[in-house]
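One structure is given below, encoded as structure tokens.
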Amino acid sequence: MGKKHRERNWAPAPPALPEDAHVIDDHTHVASVVPFSEAMSHEAVAKGQDPVPVYGVDELLAQAAAVGVEGVIDSGCTLPELMTAVDMAREHPGTVHAAIAIHPNESVLHGHRGVPGPDGLPVRYKPHHDVPFDEAMAEVARLARTYPAQVVAIGETGMDLFRTGEAGKEIQRQAFRDHIALAKELGLPMQIHDRDAHREVIETLLADGAPERTVFHSYSGDAEMAQVAREQGWYLSMSGTCSYKGNEGIRESARIVGLDHVMVETDAPYLTPMPFRGRTNAPYMIPYTLAALAQYLDLPIGEVARATRATTRTVYGI
Ligand SMILES: [Zn+2]
């Protein structure tokens, strides 16, 4: 195949992390990687390329373990996927942990209270959006209480002003506040989704009082925001975006808060790290993100890996 074709196949595995420097992917959607790679495969075949191998959850976890990614926190953040994450954690004790929440872009759809986004695209309802938000939220609380060994965090919650327009902003903020209250009530860490909403997210956290362990998942802020995070003792979880050329502010933020407040994640199937941006992401790709961080911080990769692993232990107790 010529170079002009979009590469739909999996990226090669990175070199394995040192034996004493294994890590956890602290935010991923492993269940979603499977249908995503299926779609990639169909697309490849339609373009006359070779089919892409489709791996199951067990294989994806084994590939991660082979390069030193010893566990994951899988986020179930739509009503039907809450239980998917909990079940995956039950089936893989010690390896898979669950984070559950109603995603900000889902929170505005429940009970059909959705509004068109800033891009003017119509809202696409699914059958589970018939359930009023409060009921969906009650299910998050029920599962977190019923499965304390599996559910290690509330997330991803937060605000997303990229997808949700001004009209949905306050609905989204209220849903975020409900998650903040639940995380505090249960004494759980919270994983934040913040897309084009730094100011609103910070203002809401400060107004309500953030949970003791507050994590910005796929952190996208700059040095100024990192100063706020440092003052507040908030944690930054770095996805593949910290390896992208233009994202100097994200890398600088890691230096500002210090590695005892930094973790690494894939947010798979998206946000694949360099040099494989655009391919399907999966937990085995974490070492590429660690390599980018290590290069920026001018530290050995093993040291960065051990430090982020220690942070996941502090934050999630895993
Ligand atoms: Zn996510």
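Ordered as shown in the structure tokens, chains take letters A, B, and onward, while each chain numbers its residues from 1 and ligands are numbered from 1 in the order shown.
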Env of range 196-205 of chain A: 8 Å cut, atoms = only C-alpha atoms, seq-sep filter 5 positions within chain, self excluded. Answer as a list in words.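 The residues that qualify are Gly158, Met159, Asp160, Leu161, Phe162, Arg173, Arg177, Ile180, Ala210, Gly221 and Met225 of chain A.
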Go ahead and save the picked residues with N, CA, C and O atoms, as an mmCIF file, in the first residue's frame.
data_model
loop_
_atom_site.group_PDB
_atom_site.id
_atom_site.type_symbol
_atom_site.label_atom_id
_atom_site.label_comp_id
_atom_site.auth_asym_id
_atom_site.auth_seq_id
_atom_site.Cartn_x
_atom_site.Cartn_y
_atom_site.Cartn_z
ATOM 1 N N GLY A 158 -17.715 16.479 34.153
ATOM 2 C CA GLY A 158 -17.097 17.790 33.958
ATOM 3 C C GLY A 158 -17.924 18.636 33.018
ATOM 4 O O GLY A 158 -19.157 18.581 33.059
ATOM 5 N N MET A 159 -17.263 19.372 32.158
ATOM 6 C CA MET A 159 -17.989 20.216 31.208
ATOM 7 C C MET A 159 -17.312 20.169 29.845
ATOM 8 O O MET A 159 -16.100 19.992 29.746
ATOM 9 N N ASP A 160 -18.126 20.327 28.804
ATOM 10 C CA ASP A 160 -17.646 20.237 27.434
ATOM 11 C C ASP A 160 -18.355 21.288 26.606
ATOM 12 O O ASP A 160 -19.458 21.070 26.114
ATOM 13 N N LEU A 161 -17.735 22.432 26.485
ATOM 14 C CA LEU A 161 -18.384 23.514 25.732
ATOM 15 C C LEU A 161 -18.045 23.445 24.249
ATOM 16 O O LEU A 161 -18.513 24.257 23.460
ATOM 17 N N PHE A 162 -17.259 22.431 23.879
ATOM 18 C CA PHE A 162 -16.994 22.199 22.463
ATOM 19 C C PHE A 162 -18.230 21.565 21.831
ATOM 20 O O PHE A 162 -18.659 21.956 20.760
ATOM 21 N N ARG A 173 -23.414 21.969 33.932
ATOM 22 C CA ARG A 173 -22.769 22.360 35.185
ATOM 23 C C ARG A 173 -23.464 21.681 36.384
ATOM 24 O O ARG A 173 -22.817 21.199 37.299
ATOM 25 N N ARG A 177 -21.941 19.166 39.147
ATOM 26 C CA ARG A 177 -22.052 19.389 40.597
ATOM 27 C C ARG A 177 -22.581 18.141 41.302
ATOM 28 O O ARG A 177 -22.136 17.811 42.403
ATOM 29 N N ILE A 180 -19.680 15.823 41.638
ATOM 30 C CA ILE A 180 -18.750 16.308 42.677
ATOM 31 C C ILE A 180 -19.285 15.887 44.045
ATOM 32 O O ILE A 180 -18.551 15.345 44.887
ATOM 33 N N ALA A 210 -13.745 20.938 45.712
ATOM 34 C CA ALA A 210 -13.383 19.748 44.914
ATOM 35 C C ALA A 210 -13.199 18.537 45.826
ATOM 36 O O ALA A 210 -12.813 18.682 46.975
ATOM 37 N N GLY A 221 -4.785 21.790 29.698
ATOM 38 C CA GLY A 221 -4.559 23.182 30.097
ATOM 39 C C GLY A 221 -3.161 23.692 29.775
ATOM 40 O O GLY A 221 -2.353 23.021 29.130
ATOM 41 N N MET A 225 -3.070 27.339 34.142
ATOM 42 C CA MET A 225 -4.000 26.404 34.769
ATOM 43 C C MET A 225 -3.247 25.438 35.693
ATOM 44 O O MET A 225 -3.758 25.054 36.754
#
Could you give me, as a Markdown table, every chain A residue with an atom at most 8 Å from ligand 1, plus its closest atom pair and distance in Å to one decimal, counting only C-alpha atoms and all ligand atoms, rows ordered by chain then number?
| residue | atom | partner | partner_atom_place_in_ligand_line | distance |
| --- | --- | --- | --- | --- |
| A:His27 | CA | ligand 1 | 1 (Zn) | 6.3 |
| A:Thr28 | CA | ligand 1 | 1 (Zn) | 5.9 |
| A:His29 | CA | ligand 1 | 1 (Zn) | 6.5 |
| A:Ser75 | CA | ligand 1 | 1 (Zn) | 6.5 |
| A:Cys77 | CA | ligand 1 | 1 (Zn) | 7.9 |
| A:Glu156 | CA | ligand 1 | 1 (Zn) | 6.4 |
| A:His193 | CA | ligand 1 | 1 (Zn) | 7.4 |
| A:His217 | CA | ligand 1 | 1 (Zn) | 7.4 |
| A:Ser218 | CA | ligand 1 | 1 (Zn) | 7.8 |
| A:Asp267 | CA | ligand 1 | 1 (Zn) | 4.8 |
| A:Ala268 | CA | ligand 1 | 1 (Zn) | 7.4 |
I'd like the contact shell of range 292-301 of chain A - 9 Å cut-off, only C-alpha atoms, skipping same-chain residues fewer than 5 positions apart - returned as a list in words. Leu17, Pro18, Ala21, Met238, Gly240, Cys242, Ser243, Tyr244, Arg251, Glu252, Ala254, Arg255, Pro273, Met274, Pro287 and Arg306 of chain A
Please, which residues of range 66-282 of chain A, numbered as in this document, come out strand (DSSP E) from DSSP, as a PyMOL selection string? chain A and resi 69-76+96-100+151-160+190-195+214-216+235-238+262-264
*asked:* as number ranges by chain, please: the residues near range 90-95 of chain A (cut-off 9 Å, only C-alpha atoms, same-chain neighbours under 3 positions excluded).
replied: A: 24, 58, 61, 70-73, 85-87, 147, 149-150, 318
Quiz item: Which neighbours of range 129-132 of chain A fall inside 8 Å, counting only C-alpha atoms, when residues of the same chain fewer than 6 positions from it are skipped, and could you give them as an MDAnalysis selection string?
Solution: chainID A and resid 106 109:112
Generate the output file for the selected residues, all heavy atoms, as a tab-separated table (two decimals), in the first residue's frame.
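Dumped everything to selection38.tsv:
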chain	number	residue	atom	x	y	z
A	106	GLU	N	-23.46	13.45	27.65
A	106	GLU	CA	-24.63	12.58	27.84
A	106	GLU	C	-25.61	13.26	28.79
A	106	GLU	O	-26.82	13.13	28.65
A	106	GLU	CB	-24.18	11.25	28.46
A	106	GLU	CG	-23.49	10.32	27.49
A	106	GLU	CD	-24.50	9.61	26.59
A	106	GLU	OE1	-25.43	8.97	27.09
A	106	GLU	OE2	-24.36	9.74	25.36
A	109	LEU	N	-28.48	15.12	27.43
A	109	LEU	CA	-29.45	14.42	26.57
A	109	LEU	C	-30.52	13.68	27.36
A	109	LEU	O	-31.62	13.47	26.86
A	109	LEU	CB	-28.71	13.42	25.67
A	109	LEU	CG	-27.66	14.00	24.73
A	109	LEU	CD1	-27.06	12.89	23.87
A	109	LEU	CD2	-28.25	15.08	23.85
A	110	HIS	N	-30.17	13.28	28.59
A	110	HIS	CA	-31.13	12.49	29.37
A	110	HIS	C	-32.43	13.25	29.60
A	110	HIS	O	-32.41	14.44	29.92
A	110	HIS	CB	-30.51	12.05	30.70
A	110	HIS	CG	-29.65	10.84	30.55
A	110	HIS	ND1	-30.18	9.57	30.48
A	110	HIS	CD2	-28.32	10.70	30.39
A	110	HIS	CE1	-29.20	8.70	30.31
A	110	HIS	NE2	-28.06	9.35	30.25
A	111	GLY	N	-33.54	12.53	29.43
A	111	GLY	CA	-34.85	13.17	29.58
A	111	GLY	C	-35.12	14.13	28.42
A	111	GLY	O	-35.96	15.02	28.52
A	112	HIS	N	-34.36	13.94	27.33
A	112	HIS	CA	-34.56	14.75	26.11
A	112	HIS	C	-34.46	16.24	26.38
A	112	HIS	O	-35.23	17.05	25.85
A	112	HIS	CB	-35.90	14.41	25.44
A	112	HIS	CG	-35.95	13.01	24.96
A	112	HIS	ND1	-35.71	12.65	23.67
A	112	HIS	CD2	-36.15	11.86	25.63
A	112	HIS	CE1	-35.77	11.34	23.55
A	112	HIS	NE2	-36.04	10.82	24.73
- Query: A:His103, A:Ser220, A:Gly233, A:Ala138: which is nearest Arg195 in chain A, counting only C-alpha atoms?
  - Reply: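 Comparing A:His103, A:Ser220, A:Gly233, A:Ala138 against Arg195 in chain A, the winner is A:Ser220.
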Inset, instruction - Check the DSSP output for the backbone and give back, as an MDAnalysis selection string, the residues of range 1-134 of chain A in alpha helix (DSSP H). - result: chainID A and resid 30:46 57:66 79:91 104:107 133:134
In terms of only C-alpha atoms, the residue from A:Val30, A:Ala223, A:Ser239, A:Arg113 at minimal distance from Ala167 in chain A is A:Arg113
ask   = Quick one: of A:Asn247, A:Thr272, A:Thr280, A:Thr84, who's nearest to Leu60 in chain A, counting only C-alpha atoms?
value =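 Using only C-alpha atoms, Leu60 in chain A sits closest to A:Thr280.
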**Item:** 12 Å contact set for Glu59 in chain A, only C-alpha atoms, chain neighbours under 2 positions out, as a ChimeraX atom specification
**Value:** /A:30-31,33-34,53-57,61-66,282-284
Original post:
Looking at only C-alpha atoms, which of A:His179, A:Arg277, A:Lys47, A:His22 is the one that sits closest to Thr241 in chain A?
Top reply: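 Of the candidates, the smallest distance to Thr241 in chain A is held by A:Arg277.
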Leu188 in chain A surroundings by only C-alpha atoms, 7 Å radius, close-in-sequence under 4 positions cut, as a compact mmCIF listing (two decimals) with N, CA, C and O atoms, in the first residue's frame:
# COMPACT_ATOMS: atom_id res chain seq x y z
N VAL A 152 -13.34 2.52 41.43
CA VAL A 152 -12.29 3.25 42.14
C VAL A 152 -12.38 4.77 41.91
O VAL A 152 -11.61 5.51 42.51
N ALA A 153 -13.29 5.20 41.05
CA ALA A 153 -13.41 6.65 40.79
C ALA A 153 -14.76 6.97 40.18
O ALA A 153 -15.42 6.12 39.58
N ILE A 154 -15.16 8.24 40.34
CA ILE A 154 -16.31 8.78 39.65
C ILE A 154 -15.76 9.55 38.45
O ILE A 154 -14.93 10.45 38.60
N ALA A 183 -18.90 12.05 44.54
CA ALA A 183 -17.51 11.65 44.80
C ALA A 183 -17.13 11.98 46.24
O ALA A 183 -16.49 11.18 46.93
N LYS A 184 -17.56 13.14 46.69
CA LYS A 184 -17.23 13.54 48.07
C LYS A 184 -17.97 12.65 49.09
O LYS A 184 -17.40 12.21 50.08
Which one of A:Glu19, A:Glu43, A:Asp74, A:Asp50 sits closest to Thr266 in chain A if you count only C-alpha atoms?
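Closest to Thr266 in chain A, using only C-alpha atoms: A:Asp74.
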